[in-house]
Amino acid sequence: MLTLPNILTLSRIALIPVFVVLYYLQPTYSTTPVFTWINFFLTGTFAAISITDYLDGYLARKLNMTSQLGAFLDPVADKLMVSTALILLVDFYPANTHWYITVCALVIISREILVSALREWMGTIGQRSTVNVSFIGKVKTFVQIFAILFLLYQQPFFGLPSFEIGVVLLLAATLLTLYSGLIYLKEGIKTFDY
């Protein structure tokens with residue numbers, strides 16, 4: 001059923017290709033660097049994608065429009081959004097000088113795959129509710145989004161160094177990712193038949 005929250009989730013997925021195109025239009029990737037406001041539009045697009053992440057869940061609960069389609073699409077959209085942005089950032093910041101960004105991206109994406117597989121397993125045995133999104137998982141997503149926003153912007157943000165702030169937030173997000181992943185894994189292991 002195409003409710004307003006589901007439409008917002010689908011629009012989030014539809015904006016990902018726009019985000020990728022804007023990313024590659026950055027002066028670093030263009031033969032003629034004429035896109036002086038590109039980082040603003042790039043960051044704005046990711047911010048819009050991120051805001052719909054909050055809005056779709058809020059509206060689904062507020063308007064009592066939760067659905068199985070929404071429960072499926074929302075985490076998929078989240079993972080597509082964050083994974084795409086992290087892969088592009090690894091591309092932008094070379095591993096020989098910014099290896100920590102690559103390591104953080106690998107950890108975050110690996111955790112997302114692990115937790116998705118764990119949720120699928122739990123669903124097959126009828127215990128999906130034991131690996132529902134926890135508060136720490138929501139905090140992790142929030143910190144990831146802000147880390148990505150700062151790393152995308154690249155220019156001083158009200159006089160503050162965007163890159164350095166982004167790196168600190170990305171490291172914090174990676175630690176939260178590991179911690180929340182361990183929580184999910186601990187709950188999932190209880191159901192395994194050794």
# chains A, B, ... in the order shown; residues from 1 in each chain; ligands from 1
$ residues_around --residues "Leu106 (chain A)" --least-positions-apart "6" --cutoff "10 Å" --atoms "only C-alpha atoms" --output "PyMOL selection string"
chain A and resi 83+86-87+90+100+112+174
$ write_last_selection --atoms "N, CA and C atoms" --output "PDB file, in the first residue's frame"
ATOM      1  N   SER A  83      25.504   3.240   2.787  1.00  0.00           N
ATOM      2  CA  SER A  83      26.543   2.487   2.067  1.00  0.00           C
ATOM      3  C   SER A  83      27.007   3.232   0.820  1.00  0.00           C
ATOM      4  N   LEU A  86      29.199   6.170   1.901  1.00  0.00           N
ATOM      5  CA  LEU A  86      30.509   5.734   2.402  1.00  0.00           C
ATOM      6  C   LEU A  86      31.415   5.259   1.266  1.00  0.00           C
ATOM      7  N   ILE A  87      30.851   4.534   0.317  1.00  0.00           N
ATOM      8  CA  ILE A  87      31.655   4.068  -0.822  1.00  0.00           C
ATOM      9  C   ILE A  87      32.179   5.266  -1.621  1.00  0.00           C
ATOM     10  N   VAL A  90      35.018   6.923   0.282  1.00  0.00           N
ATOM     11  CA  VAL A  90      36.256   6.141   0.143  1.00  0.00           C
ATOM     12  C   VAL A  90      36.894   6.442  -1.213  1.00  0.00           C
ATOM     13  N   TYR A 100      41.870   5.600   7.379  1.00  0.00           N
ATOM     14  CA  TYR A 100      40.903   5.450   8.470  1.00  0.00           C
ATOM     15  C   TYR A 100      39.467   5.591   7.959  1.00  0.00           C
ATOM     16  N   GLU A 112      26.351  -3.728   8.685  1.00  0.00           N
ATOM     17  CA  GLU A 112      25.013  -3.657   8.107  1.00  0.00           C
ATOM     18  C   GLU A 112      24.644  -4.973   7.427  1.00  0.00           C
ATOM     19  N   THR A 174      31.629   4.557  13.997  1.00  0.00           N
ATOM     20  CA  THR A 174      32.184   3.209  13.835  1.00  0.00           C
ATOM     21  C   THR A 174      32.174   2.464  15.165  1.00  0.00           C
TER      22      THR A 174
END
$ residues_around --residues "Val143 (chain A)" --least-positions-apart "5" --cutoff "10 Å" --atoms "only C-alpha atoms" --output "PyMOL selection string"
chain A and resi 137-138+148-149+166+169-174+176-177
$ select_by_dssp --residues "region 27-194 of chain A" --states "alpha helix (DSSP H)" --output "number ranges by chain"
A: 38-62, 68-92, 99-124, 135-153, 162-189
$ residues_around --residues "Ile109 (chain A)" --least-positions-apart "5" --cutoff "12 Å" --atoms "only C-alpha atoms" --output "PDB file with N, CA and C atoms, in the first residue's frame"
ATOM      1  N   ASP A  78      17.764   2.912   4.298  1.00  0.00           N
ATOM      2  CA  ASP A  78      18.843   3.356   5.193  1.00  0.00           C
ATOM      3  C   ASP A  78      20.189   2.798   4.756  1.00  0.00           C
ATOM      4  N   LYS A  79      20.218   1.508   4.514  1.00  0.00           N
ATOM      5  CA  LYS A  79      21.486   0.850   4.162  1.00  0.00           C
ATOM      6  C   LYS A  79      21.994   1.297   2.798  1.00  0.00           C
ATOM      7  N   LEU A  80      21.084   1.479   1.843  1.00  0.00           N
ATOM      8  CA  LEU A  80      21.484   1.985   0.528  1.00  0.00           C
ATOM      9  C   LEU A  80      22.071   3.390   0.641  1.00  0.00           C
ATOM     10  N   MET A  81      21.405   4.229   1.420  1.00  0.00           N
ATOM     11  CA  MET A  81      21.817   5.619   1.592  1.00  0.00           C
ATOM     12  C   MET A  81      23.207   5.704   2.218  1.00  0.00           C
ATOM     13  N   VAL A  82      23.399   5.049   3.346  1.00  0.00           N
ATOM     14  CA  VAL A  82      24.666   5.131   4.073  1.00  0.00           C
ATOM     15  C   VAL A  82      25.778   4.416   3.308  1.00  0.00           C
ATOM     16  N   SER A  83      25.504   3.240   2.787  1.00  0.00           N
ATOM     17  CA  SER A  83      26.543   2.487   2.067  1.00  0.00           C
ATOM     18  C   SER A  83      27.007   3.232   0.820  1.00  0.00           C
ATOM     19  N   THR A  84      26.062   3.794   0.068  1.00  0.00           N
ATOM     20  CA  THR A  84      26.429   4.550  -1.129  1.00  0.00           C
ATOM     21  C   THR A  84      27.325   5.731  -0.764  1.00  0.00           C
ATOM     22  N   ALA A  85      26.920   6.479   0.247  1.00  0.00           N
ATOM     23  CA  ALA A  85      27.710   7.646   0.661  1.00  0.00           C
ATOM     24  C   ALA A  85      29.105   7.238   1.132  1.00  0.00           C
ATOM     25  N   LEU A  86      29.199   6.170   1.901  1.00  0.00           N
ATOM     26  CA  LEU A  86      30.509   5.734   2.402  1.00  0.00           C
ATOM     27  C   LEU A  86      31.415   5.259   1.266  1.00  0.00           C
ATOM     28  N   ILE A  87      30.851   4.534   0.317  1.00  0.00           N
ATOM     29  CA  ILE A  87      31.655   4.068  -0.822  1.00  0.00           C
ATOM     30  C   ILE A  87      32.179   5.266  -1.621  1.00  0.00           C
ATOM     31  N   THR A 102      38.514   4.556   4.985  1.00  0.00           N
ATOM     32  CA  THR A 102      38.275   3.259   4.353  1.00  0.00           C
ATOM     33  C   THR A 102      37.956   2.197   5.400  1.00  0.00           C
ATOM     34  N   VAL A 103      38.733   2.160   6.480  1.00  0.00           N
ATOM     35  CA  VAL A 103      38.515   1.168   7.540  1.00  0.00           C
ATOM     36  C   VAL A 103      37.138   1.364   8.175  1.00  0.00           C
ATOM     37  N   CYS A 104      36.793   2.613   8.483  1.00  0.00           N
ATOM     38  CA  CYS A 104      35.476   2.887   9.081  1.00  0.00           C
ATOM     39  C   CYS A 104      34.347   2.458   8.136  1.00  0.00           C
ATOM     40  N   LEU A 114      25.911  -7.960   8.159  1.00  0.00           N
ATOM     41  CA  LEU A 114      25.769  -8.954   9.226  1.00  0.00           C
ATOM     42  C   LEU A 114      24.413  -8.845   9.912  1.00  0.00           C
ATOM     43  N   VAL A 115      24.024  -7.635  10.279  1.00  0.00           N
ATOM     44  CA  VAL A 115      22.752  -7.447  10.977  1.00  0.00           C
ATOM     45  C   VAL A 115      21.577  -7.772  10.052  1.00  0.00           C
ATOM     46  N   SER A 116      21.682  -7.420   8.769  1.00  0.00           N
ATOM     47  CA  SER A 116      20.615  -7.765   7.816  1.00  0.00           C
ATOM     48  C   SER A 116      20.462  -9.277   7.706  1.00  0.00           C
ATOM     49  N   GLN A 144      26.257   8.622  12.128  1.00  0.00           N
ATOM     50  CA  GLN A 144      26.736   8.309  10.773  1.00  0.00           C
ATOM     51  C   GLN A 144      26.318   9.388   9.787  1.00  0.00           C
ATOM     52  N   ALA A 173      30.887   6.997  15.090  1.00  0.00           N
ATOM     53  CA  ALA A 173      29.856   6.154  14.468  1.00  0.00           C
ATOM     54  C   ALA A 173      30.342   4.721  14.307  1.00  0.00           C
ATOM     55  N   THR A 174      31.629   4.557  13.997  1.00  0.00           N
ATOM     56  CA  THR A 174      32.184   3.209  13.835  1.00  0.00           C
ATOM     57  C   THR A 174      32.174   2.464  15.165  1.00  0.00           C
ATOM     58  N   THR A 177      28.706   1.550  15.853  1.00  0.00           N
ATOM     59  CA  THR A 177      28.352   0.475  14.930  1.00  0.00           C
ATOM     60  C   THR A 177      28.797  -0.873  15.470  1.00  0.00           C
ATOM     61  N   LEU A 178      30.041  -0.924  15.937  1.00  0.00           N
ATOM     62  CA  LEU A 178      30.571  -2.171  16.507  1.00  0.00           C
ATOM     63  C   LEU A 178      29.778  -2.577  17.746  1.00  0.00           C
ATOM     64  N   GLY A 181      26.247  -3.645  16.810  1.00  0.00           N
ATOM     65  CA  GLY A 181      26.340  -4.923  16.111  1.00  0.00           C
ATOM     66  C   GLY A 181      26.540  -6.081  17.071  1.00  0.00           C
TER      67      GLY A 181
END
$ residues_around --residues "region 11-15 of chain A" --least-positions-apart "2" --cutoff "7 Å" --atoms "only C-alpha atoms" --output "list in words"
Ile7, Leu8, Thr9, Pro17, Val18, Phe19, Ile49, Thr52 and Ala77 of chain A
$ closest_residue --among "A:Leu175, A:Ile165, A:Leu185, A:Val20" --to "Phe150 (chain A)" --atoms "only C-alpha atoms"
A:Ile165
$ residues_around --residues "region 37-39 of chain A" --least-positions-apart "5" --cutoff "7 Å" --atoms "only C-alpha atoms" --output "list in words"
Gln26, Leu152 and Tyr153 of chain A
$ residues_around --residues "Leu59 (chain A)" --least-positions-apart "4" --cutoff "7 Å" --atoms "only C-alpha atoms" --output "PyMOL selection string"
chain A and resi 5+55+63
$ residues_around --residues "Met65 (chain A)" --least-positions-apart "4" --cutoff "12 Å" --atoms "only C-alpha atoms" --output "PyMOL selection string"
chain A and resi 1-7+56-61+69-71
$ closest_residue --among "A:Gly188, A:Pro161, A:Gly123, A:Pro156" --to "Phe40 (chain A)" --atoms "only C-alpha atoms"
A:Pro156
$ atom_distance --atom1 "CA of Leu22 (chain A)" --atom2 "CA of Phe46 (chain A)"
10.2 Å
$ closest_residue --among "A:Ile189, A:Val167, A:Ile145, A:Leu89" --to "Arg119 (chain A)" --atoms "only C-alpha atoms"
A:Ile189
$ atom_distance --atom1 "CA of Val168 (chain A)" --atom2 "CA of Ile113 (chain A)"
23.5 Å
$ atom_distance --atom1 "CA of Ser134 (chain A)" --atom2 "CA of Ser180 (chain A)"
7.9 Å
$ closest_residue --among "A:Val107, A:Leu42, A:Ile51, A:Val21" --to "Gln154 (chain A)" --atoms "only C-alpha atoms"
A:Leu42
